[in-house]
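Below is the file work12.txt, which contains compact mmCIF, C-alpha atoms.
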```
# COMPACT_ATOMS: atom_id res chain seq x y z
CA MET A 1 97.76 104.87 76.60
CA THR A 2 96.46 107.99 74.90
CA SER A 3 98.01 111.39 75.43
CA THR A 4 95.75 114.30 76.35
CA ALA A 5 96.17 117.89 77.39
CA SER A 6 98.79 118.57 80.04
CA THR A 7 97.72 119.00 83.65
CA ALA A 8 97.63 122.27 85.52
CA SER A 9 100.86 123.23 87.22
CA ALA A 10 99.19 124.47 90.42
CA PRO A 11 97.85 121.95 92.95
CA LEU A 12 94.19 121.14 92.53
CA ALA A 13 91.86 120.24 95.37
CA GLY A 14 88.16 120.38 96.07
CA ALA A 15 86.85 122.75 98.70
CA ALA A 16 86.54 121.39 102.23
CA GLY A 17 83.55 119.11 102.52
CA VAL A 18 83.01 119.07 98.75
CA GLY A 19 84.10 116.37 96.32
CA PRO A 20 86.58 117.03 93.52
CA ALA A 21 85.36 119.31 90.75
CA GLU A 22 85.24 118.10 87.16
CA ALA A 23 88.48 119.98 86.42
CA HIS A 24 90.28 117.93 89.07
CA TRP A 25 88.98 114.63 87.69
CA ALA A 26 90.01 115.69 84.20
CA ALA A 27 93.47 116.68 85.40
CA ALA A 28 93.95 113.35 87.18
CA GLU A 29 92.79 111.42 84.13
CA ALA A 30 95.13 113.45 81.92
CA LEU A 31 98.10 112.67 84.18
CA VAL A 32 97.60 108.94 83.68
CA ARG A 33 96.71 109.10 79.99
CA ALA A 34 99.81 111.17 79.25
CA LEU A 35 102.14 108.45 80.58
CA PRO A 36 104.36 106.93 77.88
CA PRO A 37 104.68 103.11 77.69
CA THR A 38 108.04 103.30 79.46
CA ALA A 39 106.71 105.37 82.38
CA ARG A 40 107.62 104.41 85.94
CA VAL A 41 104.76 104.80 88.42
CA LEU A 42 105.11 104.54 92.19
CA LEU A 43 102.06 103.97 94.39
CA ILE A 44 102.32 104.91 98.08
CA CYS A 45 99.87 104.49 100.96
CA HIS A 46 100.17 105.61 104.56
CA ILE A 47 102.27 104.13 107.35
CA ASN A 48 100.73 101.16 109.19
CA PRO A 49 98.40 100.57 106.23
CA ASP A 50 94.83 99.47 106.82
CA GLY A 51 92.43 97.76 104.45
CA ASP A 52 91.42 100.93 102.61
CA ALA A 53 95.01 102.06 102.08
CA LEU A 54 96.22 98.68 100.81
CA GLY A 55 93.07 97.73 98.94
CA SER A 56 92.79 101.05 97.12
CA MET A 57 96.48 101.07 96.23
CA LEU A 58 96.69 97.48 95.01
CA GLY A 59 93.35 97.62 93.21
CA PHE A 60 94.38 100.76 91.38
CA GLY A 61 97.80 99.28 90.62
CA LEU A 62 96.17 96.26 88.98
CA GLY A 63 93.98 98.67 87.05
CA LEU A 64 97.04 100.56 85.81
CA ARG A 65 98.48 97.30 84.52
CA GLN A 66 95.28 96.62 82.64
CA PHE A 67 95.45 100.18 81.27
CA GLY A 68 98.91 99.44 79.86
CA VAL A 69 101.34 100.82 82.45
CA ARG A 70 103.98 98.12 82.73
CA ASP A 71 106.35 99.51 85.38
CA VAL A 72 104.26 99.88 88.56
CA GLN A 73 105.57 99.64 92.12
CA ALA A 74 103.54 99.86 95.33
CA THR A 75 104.94 100.54 98.78
CA PHE A 76 104.36 102.08 102.20
CA PRO A 77 106.65 103.63 104.85
CA GLY A 78 108.02 101.67 107.76
CA PRO A 79 108.77 97.95 108.05
CA PRO A 80 107.61 96.00 104.97
CA GLU A 81 105.27 93.80 107.00
CA LEU A 82 101.69 93.20 105.93
CA PRO A 83 98.96 92.60 108.49
CA GLU A 84 97.90 88.96 108.32
CA PRO A 85 94.29 89.70 107.20
CA PHE A 86 95.60 91.33 104.00
CA ARG A 87 98.20 88.77 102.98
CA GLY A 88 95.75 87.15 100.58
CA LEU A 89 95.00 90.31 98.59
CA PRO A 90 95.53 90.21 94.83
CA GLY A 91 98.33 92.41 93.53
CA LEU A 92 100.85 91.72 96.29
CA ASP A 93 103.51 91.21 93.61
CA LEU A 94 103.39 95.00 93.10
CA LEU A 95 104.77 95.59 96.60
CA VAL A 96 108.39 96.55 97.26
CA PRO A 97 110.04 97.67 100.54
CA ALA A 98 110.24 101.42 101.03
CA ASP A 99 114.02 101.41 100.62
CA ALA A 100 113.68 99.69 97.23
CA ALA A 101 111.06 102.08 95.84
CA ASP A 102 111.92 104.09 92.72
CA PRO A 103 113.64 107.29 93.91
CA ALA A 104 112.44 109.41 90.96
CA PRO A 105 109.34 107.94 89.30
CA ASP A 106 107.53 109.69 86.48
CA LEU A 107 104.35 109.71 88.56
CA VAL A 108 103.69 109.03 92.23
CA ILE A 109 100.14 108.30 93.37
CA CYS A 110 99.30 108.49 97.08
CA PHE A 111 96.38 106.61 98.65
CA ASP A 112 94.48 107.29 101.87
CA ALA A 113 97.16 109.59 103.34
CA ALA A 114 95.60 112.61 105.06
CA SER A 115 98.91 114.49 105.11
CA GLU A 116 102.50 114.28 103.87
CA SER A 117 103.60 113.20 107.34
CA ARG A 118 101.64 109.95 106.90
CA LEU A 119 104.05 109.02 104.09
CA GLY A 120 107.02 108.86 106.47
CA GLU A 121 110.37 108.43 104.76
CA LEU A 122 108.63 108.27 101.37
CA ALA A 123 107.36 111.87 101.51
CA GLY A 124 110.39 113.01 99.50
CA ARG A 125 109.04 111.16 96.46
CA LEU A 126 106.43 113.91 96.12
CA SER A 127 109.15 116.33 95.01
CA SER A 128 111.43 113.87 93.20
CA ALA A 129 108.64 112.49 91.00
CA GLY A 130 107.59 114.11 87.75
CA ALA A 131 104.12 114.67 89.23
CA ALA A 132 102.12 113.63 92.28
CA LEU A 133 98.48 112.54 92.33
CA VAL A 134 96.68 112.25 95.68
CA LEU A 135 93.59 110.05 96.14
CA ASP A 136 91.98 110.44 99.56
CA HIS A 137 88.76 110.97 101.50
CA HIS A 138 89.95 112.73 104.69
CA ALA A 139 88.44 116.17 105.25
CA SER A 140 91.67 117.25 106.96
CA ASN A 141 93.76 116.62 103.81
CA PRO A 142 95.36 119.97 102.79
CA GLY A 143 95.97 118.86 99.18
CA PHE A 144 99.69 118.15 98.94
CA GLY A 145 99.94 116.76 95.41
CA THR A 146 100.23 118.25 91.95
CA VAL A 147 96.65 117.06 91.46
CA ASN A 148 94.40 116.13 94.40
CA LEU A 149 91.28 113.99 94.27
CA VAL A 150 90.12 114.47 97.86
CA ASP A 151 86.48 113.62 98.52
CA PRO A 152 85.51 114.00 102.20
CA GLY A 153 82.08 112.69 101.35
CA ALA A 154 83.44 109.37 100.12
CA ALA A 155 83.13 106.43 102.51
CA ALA A 156 86.61 105.19 101.57
CA THR A 157 89.51 106.08 99.31
CA SER A 158 88.50 103.06 97.24
CA VAL A 159 85.41 105.02 96.16
CA VAL A 160 87.68 107.64 94.58
CA ALA A 161 89.91 104.94 93.08
CA GLU A 162 86.95 103.15 91.48
CA GLN A 163 85.69 106.39 89.94
CA LEU A 164 89.07 107.21 88.41
CA LEU A 165 89.46 103.67 87.05
CA ALA A 166 86.03 104.01 85.42
CA ARG A 167 87.05 107.28 83.77
CA LEU A 168 90.15 105.53 82.41
CA GLY A 169 88.00 102.80 80.93
CA VAL A 170 89.45 100.07 83.13
CA VAL A 171 87.18 97.03 83.50
CA VAL A 172 87.01 95.98 87.16
CA ASP A 173 87.83 92.28 87.16
CA PRO A 174 87.59 89.97 90.22
CA ALA A 175 91.15 90.77 91.36
CA ILE A 176 90.60 94.53 91.30
CA ALA A 177 87.13 94.06 92.81
CA GLU A 178 88.45 92.07 95.77
CA CYS A 179 90.97 94.79 96.61
CA LEU A 180 88.38 97.57 96.39
CA TYR A 181 85.80 95.53 98.32
CA VAL A 182 88.23 94.91 101.19
CA ALA A 183 88.96 98.64 101.22
CA LEU A 184 85.27 99.54 101.24
CA THR A 185 84.24 97.08 103.93
CA THR A 186 87.07 97.94 106.32
CA ASP A 187 86.46 101.70 106.20
CA THR A 188 82.70 101.34 106.59
CA GLY A 189 82.98 98.79 109.40
CA SER A 190 81.25 96.18 107.24
CA PHE A 191 78.68 98.81 106.23
CA ARG A 192 77.87 99.81 109.84
CA PHE A 193 79.33 103.32 109.98
CA GLU A 194 77.65 106.65 109.20
CA ALA A 195 79.38 106.97 105.82
CA THR A 196 77.42 103.98 104.50
CA THR A 197 75.09 105.45 101.88
CA PRO A 198 73.00 103.96 99.07
CA ALA A 199 75.94 104.72 96.76
CA VAL A 200 78.20 102.61 98.99
CA HIS A 201 75.89 99.62 98.67
CA GLN A 202 75.64 100.20 94.93
CA MET A 203 79.42 100.12 94.66
CA ALA A 204 79.53 96.94 96.74
CA ALA A 205 76.96 95.40 94.40
CA ARG A 206 79.11 96.24 91.36
CA LEU A 207 82.14 94.63 92.98
CA LEU A 208 80.23 91.53 94.10
CA ALA A 209 78.84 91.14 90.57
CA THR A 210 82.37 90.23 89.42
CA GLY A 211 82.06 86.96 91.36
CA ILE A 212 84.10 87.64 94.50
CA SER A 213 83.03 85.90 97.72
CA PRO A 214 81.95 88.28 100.53
CA GLY A 215 81.81 85.45 103.08
CA ASP A 216 85.37 84.34 102.39
CA ILE A 217 86.65 87.92 102.45
CA SER A 218 84.82 88.69 105.71
CA ARG A 219 86.18 85.60 107.47
CA ARG A 220 89.71 86.36 106.35
CA VAL A 221 89.68 90.09 107.13
CA PHE A 222 87.39 90.41 110.16
CA ASP A 223 86.77 87.04 111.78
CA THR A 224 90.13 85.29 112.04
CA ARG A 225 92.60 86.02 114.84
CA PRO A 226 95.29 84.05 116.67
CA PHE A 227 94.40 82.89 120.18
CA GLY A 228 97.25 85.04 121.47
CA ALA A 229 95.45 88.11 120.11
CA VAL A 230 92.29 87.09 121.97
CA ARG A 231 94.27 86.88 125.22
CA LEU A 232 95.98 90.21 124.46
CA PHE A 233 92.63 91.92 123.86
CA GLY A 234 91.34 90.63 127.19
CA GLU A 235 94.32 92.06 129.05
CA VAL A 236 94.26 95.45 127.32
CA LEU A 237 90.48 95.80 127.68
CA GLY A 238 90.84 94.95 131.36
CA ARG A 239 92.78 98.18 131.91
CA ALA A 240 90.33 100.41 130.03
CA ARG A 241 89.34 103.59 131.85
CA LEU A 242 86.06 105.49 131.64
CA GLU A 243 86.05 109.25 132.27
CA PRO A 244 82.39 110.37 132.19
CA ALA A 245 83.25 114.04 132.82
CA ALA A 246 85.69 114.30 129.91
CA ALA A 247 84.74 115.86 126.56
CA GLY A 248 82.40 118.31 128.23
CA GLY A 249 80.52 115.56 130.00
CA ARG A 250 80.09 113.49 126.86
CA GLY A 251 82.53 110.91 128.17
CA LEU A 252 85.89 109.43 127.18
CA VAL A 253 86.90 105.78 127.32
CA TRP A 254 90.48 104.77 126.62
CA THR A 255 93.05 102.07 127.04
CA PHE A 256 96.64 101.45 126.01
CA ALA A 257 98.83 98.60 124.80
CA THR A 258 102.60 98.40 125.15
CA LEU A 259 105.33 96.66 123.23
CA ASP A 260 105.75 94.40 126.27
CA ASP A 261 102.08 93.39 125.94
CA LEU A 262 102.67 92.36 122.34
CA ALA A 263 105.83 90.45 123.20
CA ARG A 264 104.21 88.66 126.14
CA HIS A 265 101.45 87.31 123.89
CA ASP A 266 103.77 86.84 120.87
CA GLN A 267 101.68 89.13 118.66
CA ARG A 268 102.44 91.60 115.90
CA PRO A 269 101.30 95.25 116.18
CA TYR A 270 98.66 94.93 113.45
CA VAL A 271 96.38 92.83 115.68
CA LEU A 272 95.69 95.93 117.79
CA GLU A 273 94.04 97.77 114.90
CA ALA A 274 90.73 96.02 115.60
CA LEU A 275 90.81 96.80 119.33
CA ILE A 276 89.16 100.21 118.93
CA ASP A 277 85.92 98.49 117.86
CA SER A 278 85.68 96.77 121.23
CA VAL A 279 86.31 100.03 123.09
CA ARG A 280 84.03 102.32 121.07
CA CYS A 281 80.90 100.38 122.00
CA THR A 282 81.01 101.80 125.57
CA ALA A 283 77.57 103.33 126.14
CA GLU A 284 78.75 106.01 128.60
CA ALA A 285 81.32 107.64 126.30
CA ASP A 286 81.03 109.52 123.03
CA VAL A 287 84.80 109.48 122.47
CA SER A 288 86.99 106.39 122.58
CA CYS A 289 90.67 105.93 121.94
CA VAL A 290 93.34 103.24 121.96
CA VAL A 291 96.95 104.27 122.55
CA LYS A 292 99.35 101.73 121.01
CA GLN A 293 103.07 101.85 121.70
CA THR A 294 105.21 101.73 118.55
CA ARG A 295 108.60 102.42 120.14
CA PRO A 296 109.87 103.82 123.46
CA ALA A 297 107.95 107.05 124.21
CA GLU A 298 106.01 106.89 120.90
CA TRP A 299 102.38 105.85 120.44
CA ALA A 300 99.95 105.40 117.56
CA VAL A 301 96.59 106.75 118.68
CA SER A 302 93.24 105.68 117.20
CA MET A 303 90.22 107.83 118.09
CA ARG A 304 86.49 107.34 117.45
CA SER A 305 83.41 109.48 118.08
CA LYS A 306 79.72 108.68 118.07
CA GLY A 307 79.02 112.15 116.68
CA ALA A 308 78.94 114.65 119.52
CA VAL A 309 82.66 115.45 119.18
CA ASP A 310 84.66 115.98 115.98
CA VAL A 311 87.76 113.90 116.74
CA SER A 312 89.45 115.02 113.53
CA ARG A 313 89.91 118.46 115.13
CA VAL A 314 91.66 116.81 118.06
CA ALA A 315 93.88 114.72 115.80
CA VAL A 316 94.84 117.63 113.53
CA ALA A 317 95.76 119.77 116.54
CA LEU A 318 98.06 116.96 117.68
CA GLY A 319 99.72 116.46 114.29
CA GLY A 320 97.42 113.86 112.75
CA GLY A 321 94.20 113.83 110.77
CA GLY A 322 91.06 111.95 109.91
CA HIS A 323 87.28 112.33 109.95
CA THR A 324 84.63 113.56 112.38
CA PHE A 325 83.98 110.00 113.56
CA ALA A 326 87.46 108.45 113.16
CA ALA A 327 90.90 110.02 113.40
CA GLY A 328 94.41 109.39 114.64
CA PHE A 329 97.81 110.83 115.38
CA THR A 330 101.26 109.92 116.72
CA GLY A 331 101.76 110.81 120.39
CA ARG A 332 104.97 111.07 122.39
CA GLY A 333 105.79 110.66 126.05
CA SER A 334 104.01 108.24 128.36
CA ALA A 335 100.56 106.83 127.65
CA GLU A 336 99.10 109.05 130.37
CA GLN A 337 100.77 112.13 128.86
CA VAL A 338 99.32 111.29 125.45
CA VAL A 339 95.83 110.91 126.93
CA GLU A 340 96.25 114.18 128.83
CA SER A 341 96.96 115.94 125.53
CA ILE A 342 93.74 114.42 124.15
CA ARG A 343 91.72 115.66 127.13
CA GLY A 344 92.95 119.21 126.55
CA GLN A 345 92.18 119.15 122.85
CA LEU A 346 88.73 117.65 123.42
CA ASP A 347 87.84 120.70 125.48
CA ALA A 348 89.30 123.02 122.83
CA ALA A 349 87.38 121.24 120.05
CA LEU A 350 84.09 121.65 121.95
CA ILE A 351 84.73 125.33 122.55
CA GLY A 352 85.60 125.79 118.86
```
Once you've parsed the file, please lay out its structure as structure tokens.
Amino acid sequence: MTSTASTASAPLAGAAGVGPAEAHWAAAEALVRALPPTARVLLICHINPDGDALGSMLGFGLGLRQFGVRDVQATFPGPPELPEPFRGLPGLDLLVPADAADPAPDLVICFDAASESRLGELAGRLSSAGAALVLDHHASNPGFGTVNLVDPGAAATSVVAEQLLARLGVVVDPAIAECLYVALTTDTGSFRFEATTPAVHQMAARLLATGISPGDISRRVFDTRPFGAVRLFGEVLGRARLEPAAAGGRGLVWTFATLDDLARHDQRPYVLEALIDSVRCTAEADVSCVVKQTRPAEWAVSMRSKGAVDVSRVAVALGGGGHTFAAGFTGRGSAEQVVESIRGQLDAALIG
């Protein structure tokens, strides 16, 4: 590791809707290059991690090892349980439970977290660490690190991670490539969403050129589910409700899943993450959402838009964050009360 100039003391972040400026990239690179061989680095992604959060974090962690950082931990808030589709990712040996994470690392790097609240009980590491680097692509991210690489134009946080690894001179090997490819494919919906640009396909080509197998990754991540999850999806989709007059007449479709639903079908909460894709295809609604119970009177809400409504404005107003087309927040009360709060904010977002 080579030492360079020290980073700026004030937080750095690109303007809303604009990628990080060169000064921000340079500051992030300097943070990593200034690490001594004995440095302790803690990587954190958001609660209930998805493919982009885990893939970006683990891929970057493997890159740090290649760069020469020996003491690297990776973690996320909440129960230390990985969704089944991601249990074959390279770099899992980096993972530690949240309660075993270094309490005062030299550097903490956050991945795919739109706000401090998404770091749960690990948010305190931002102040206890020597410095905090944030890698993200959510437009709602306020920039809560010492240095922030927030690119709302990036299709996934893995895009930002790959760019920083390249600046550090890290060679993307098959293990790193698999992590970043999983991250890229999950956040682009297998290259179906609006954020899929020529640059996204070019990045995918670079990753595939390392020799990873897209068919194997796709089957493992997208196309394999327990039969109990199939039955659970059928039940939850059967209670979906369409409200054509909602969202200013643009339409809202929603459903909910309870802890009892999960227990009845003997399924873990992660299986519900894919449910939004089955709901969002409803032709009569621009906005779709799935309300998933996480504990009594608490719900994780996933929202999607086909473009007429900016659901990130709804999510931010309700304490969450995200993008125009995909956002989420934590709701409290009954499922109906959570959906009622969404209805109100949809109207406010349209007026705004």
Using all atoms listed in the file, find all polymer residues with an atom at most 10 Å away from the point (78.5, 106.1, 110.6); report them as a short mmCIF file (atom, residue, chain, number, x, y, z; two decimals) with C-alpha atoms, in the frame of the given file.
```
data_model
loop_
_atom_site.label_atom_id
_atom_site.label_comp_id
_atom_site.auth_asym_id
_atom_site.auth_seq_id
_atom_site.Cartn_x
_atom_site.Cartn_y
_atom_site.Cartn_z
CA ALA A 155 83.13 106.43 102.51
CA THR A 188 82.70 101.34 106.59
CA GLY A 189 82.98 98.79 109.40
CA PHE A 191 78.68 98.81 106.23
CA ARG A 192 77.87 99.81 109.84
CA PHE A 193 79.33 103.32 109.98
CA GLU A 194 77.65 106.65 109.20
CA ALA A 195 79.38 106.97 105.82
CA THR A 196 77.42 103.98 104.50
CA THR A 197 75.09 105.45 101.88
CA SER A 305 83.41 109.48 118.08
CA LYS A 306 79.72 108.68 118.07
CA GLY A 307 79.02 112.15 116.68
CA THR A 324 84.63 113.56 112.38
CA PHE A 325 83.98 110.00 113.56
CA ALA A 326 87.46 108.45 113.16
#
```
What gap, in Å, lies between atom CA of Ala335 of chain A and atom CA of Leu259 of chain A?
12.1 Å
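Non-sequential neighbours of Arg220 of chain A (distance at most 12 Å, separation of 5 or more positions within a chain, all atoms listed in the file) are Gly51, Pro83, Glu84, Pro85, Phe86, Arg87, Gly88, Leu89, Val182, Thr186, Ser213, Pro214, Gly215, Arg225 and Pro226 of chain A.
You can rank A:Val147, A:Ala327, A:Leu318, A:Ala39 by their closest distance to Ser341 of chain A using all atoms listed in the file, and at the top of that list sits A:Leu318.
What separates atom CA of Leu208 of chain A from atom CA of Ser56 of chain A is a distance of 16.0 Å.
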Name the residues in contact with segment 96-99 of chain A at a cut-off of 6 Å, using all atoms listed in the file, excluding same-chain residues fewer than 2 positions from it; report them as an MDAnalysis selection string.
chainID A and resid 75 77 80 101
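The gap separating atom CA of Leu180 of chain A from atom CA of Gly59 of chain A is 5.9 Å, in Å to one decimal.
Taking only C-alpha atoms into account, Ala246 of chain A lies nearest to A:Gly344 out of the set A:Gly331, A:Gly344, A:Gly234, A:Gly55.
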Name all residues at most 12 Å from Phe329 of chain A (count only C-alpha atoms; drop same-chain ones fewer than 3 positions away) and give them as a VMD selection string.
chain A and resid 47 to 48 114 to 115 117 to 118 289 to 292 298 to 303 311 to 323 326 332 338 to 339 341 to 342
Residues around (109.2, 114.6, 93.6), cut-off 10 Å, counting all atoms listed in the file - what are they as number ranges by chain?
A: 103-108, 123-132, 145-146
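Using all atoms listed in the file, the shortest contact distance between Arg239 of chain A and any of A:Phe222, A:Phe256, A:Phe111, A:Trp25 is found at A:Phe256.
Using all atoms listed in the file, the smallest distance between any of A:Leu82, A:Leu135, A:Val309, A:Val271 and Glu162 of chain A comes from A:Leu135.
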Which residues come within 10 Å of Leu242 of chain A, counting only C-alpha atoms, excluding same-chain residues fewer than 2 positions away, as a PyMOL selection string?
chain A and resi 239-240+244-246+251-255+282+284-285+288
Only C-alpha atoms, please: the residues just picked out, written as a PDB file, in the coordinates of the input.
```
ATOM      1  CA  ARG A 239      92.780  98.180 131.910  1.00  0.00           C
ATOM      2  CA  ALA A 240      90.330 100.410 130.030  1.00  0.00           C
ATOM      3  CA  PRO A 244      82.390 110.370 132.190  1.00  0.00           C
ATOM      4  CA  ALA A 245      83.250 114.040 132.820  1.00  0.00           C
ATOM      5  CA  ALA A 246      85.690 114.300 129.910  1.00  0.00           C
ATOM      6  CA  GLY A 251      82.530 110.910 128.170  1.00  0.00           C
ATOM      7  CA  LEU A 252      85.890 109.430 127.180  1.00  0.00           C
ATOM      8  CA  VAL A 253      86.900 105.780 127.320  1.00  0.00           C
ATOM      9  CA  TRP A 254      90.480 104.770 126.620  1.00  0.00           C
ATOM     10  CA  THR A 255      93.050 102.070 127.040  1.00  0.00           C
ATOM     11  CA  THR A 282      81.010 101.800 125.570  1.00  0.00           C
ATOM     12  CA  GLU A 284      78.750 106.010 128.600  1.00  0.00           C
ATOM     13  CA  ALA A 285      81.320 107.640 126.300  1.00  0.00           C
ATOM     14  CA  SER A 288      86.990 106.390 122.580  1.00  0.00           C
TER      15      SER A 288
END
```
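Candidate residues A:Leu95, A:Ser334, A:Ala257, A:Met203 were compared for distance to Gln163 of chain A, and the nearest is A:Met203, using only C-alpha atoms.
Across A:Val172, A:Gly328, A:Asp310, A:Ala297, the tightest approach to Glu273 of chain A is made by A:Gly328 when counting only C-alpha atoms.
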Pick out the residues sitting within 9 Å of Leu168 of chain A, and hand them over as a PDB file with C-alpha atoms, in the frame of the given file; count only C-alpha atoms, and ignore anything fewer than 2 positions along from it in its own chain.
```pdb
ATOM      1  CA  GLU A  29      92.790 111.420  84.130  1.00  0.00           C
ATOM      2  CA  VAL A  32      97.600 108.940  83.680  1.00  0.00           C
ATOM      3  CA  ARG A  33      96.710 109.100  79.990  1.00  0.00           C
ATOM      4  CA  PHE A  67      95.450 100.180  81.270  1.00  0.00           C
ATOM      5  CA  GLN A 163      85.690 106.390  89.940  1.00  0.00           C
ATOM      6  CA  LEU A 164      89.070 107.210  88.410  1.00  0.00           C
ATOM      7  CA  LEU A 165      89.460 103.670  87.050  1.00  0.00           C
ATOM      8  CA  ALA A 166      86.030 104.010  85.420  1.00  0.00           C
ATOM      9  CA  VAL A 170      89.450 100.070  83.130  1.00  0.00           C
TER      10      VAL A 170
END
```
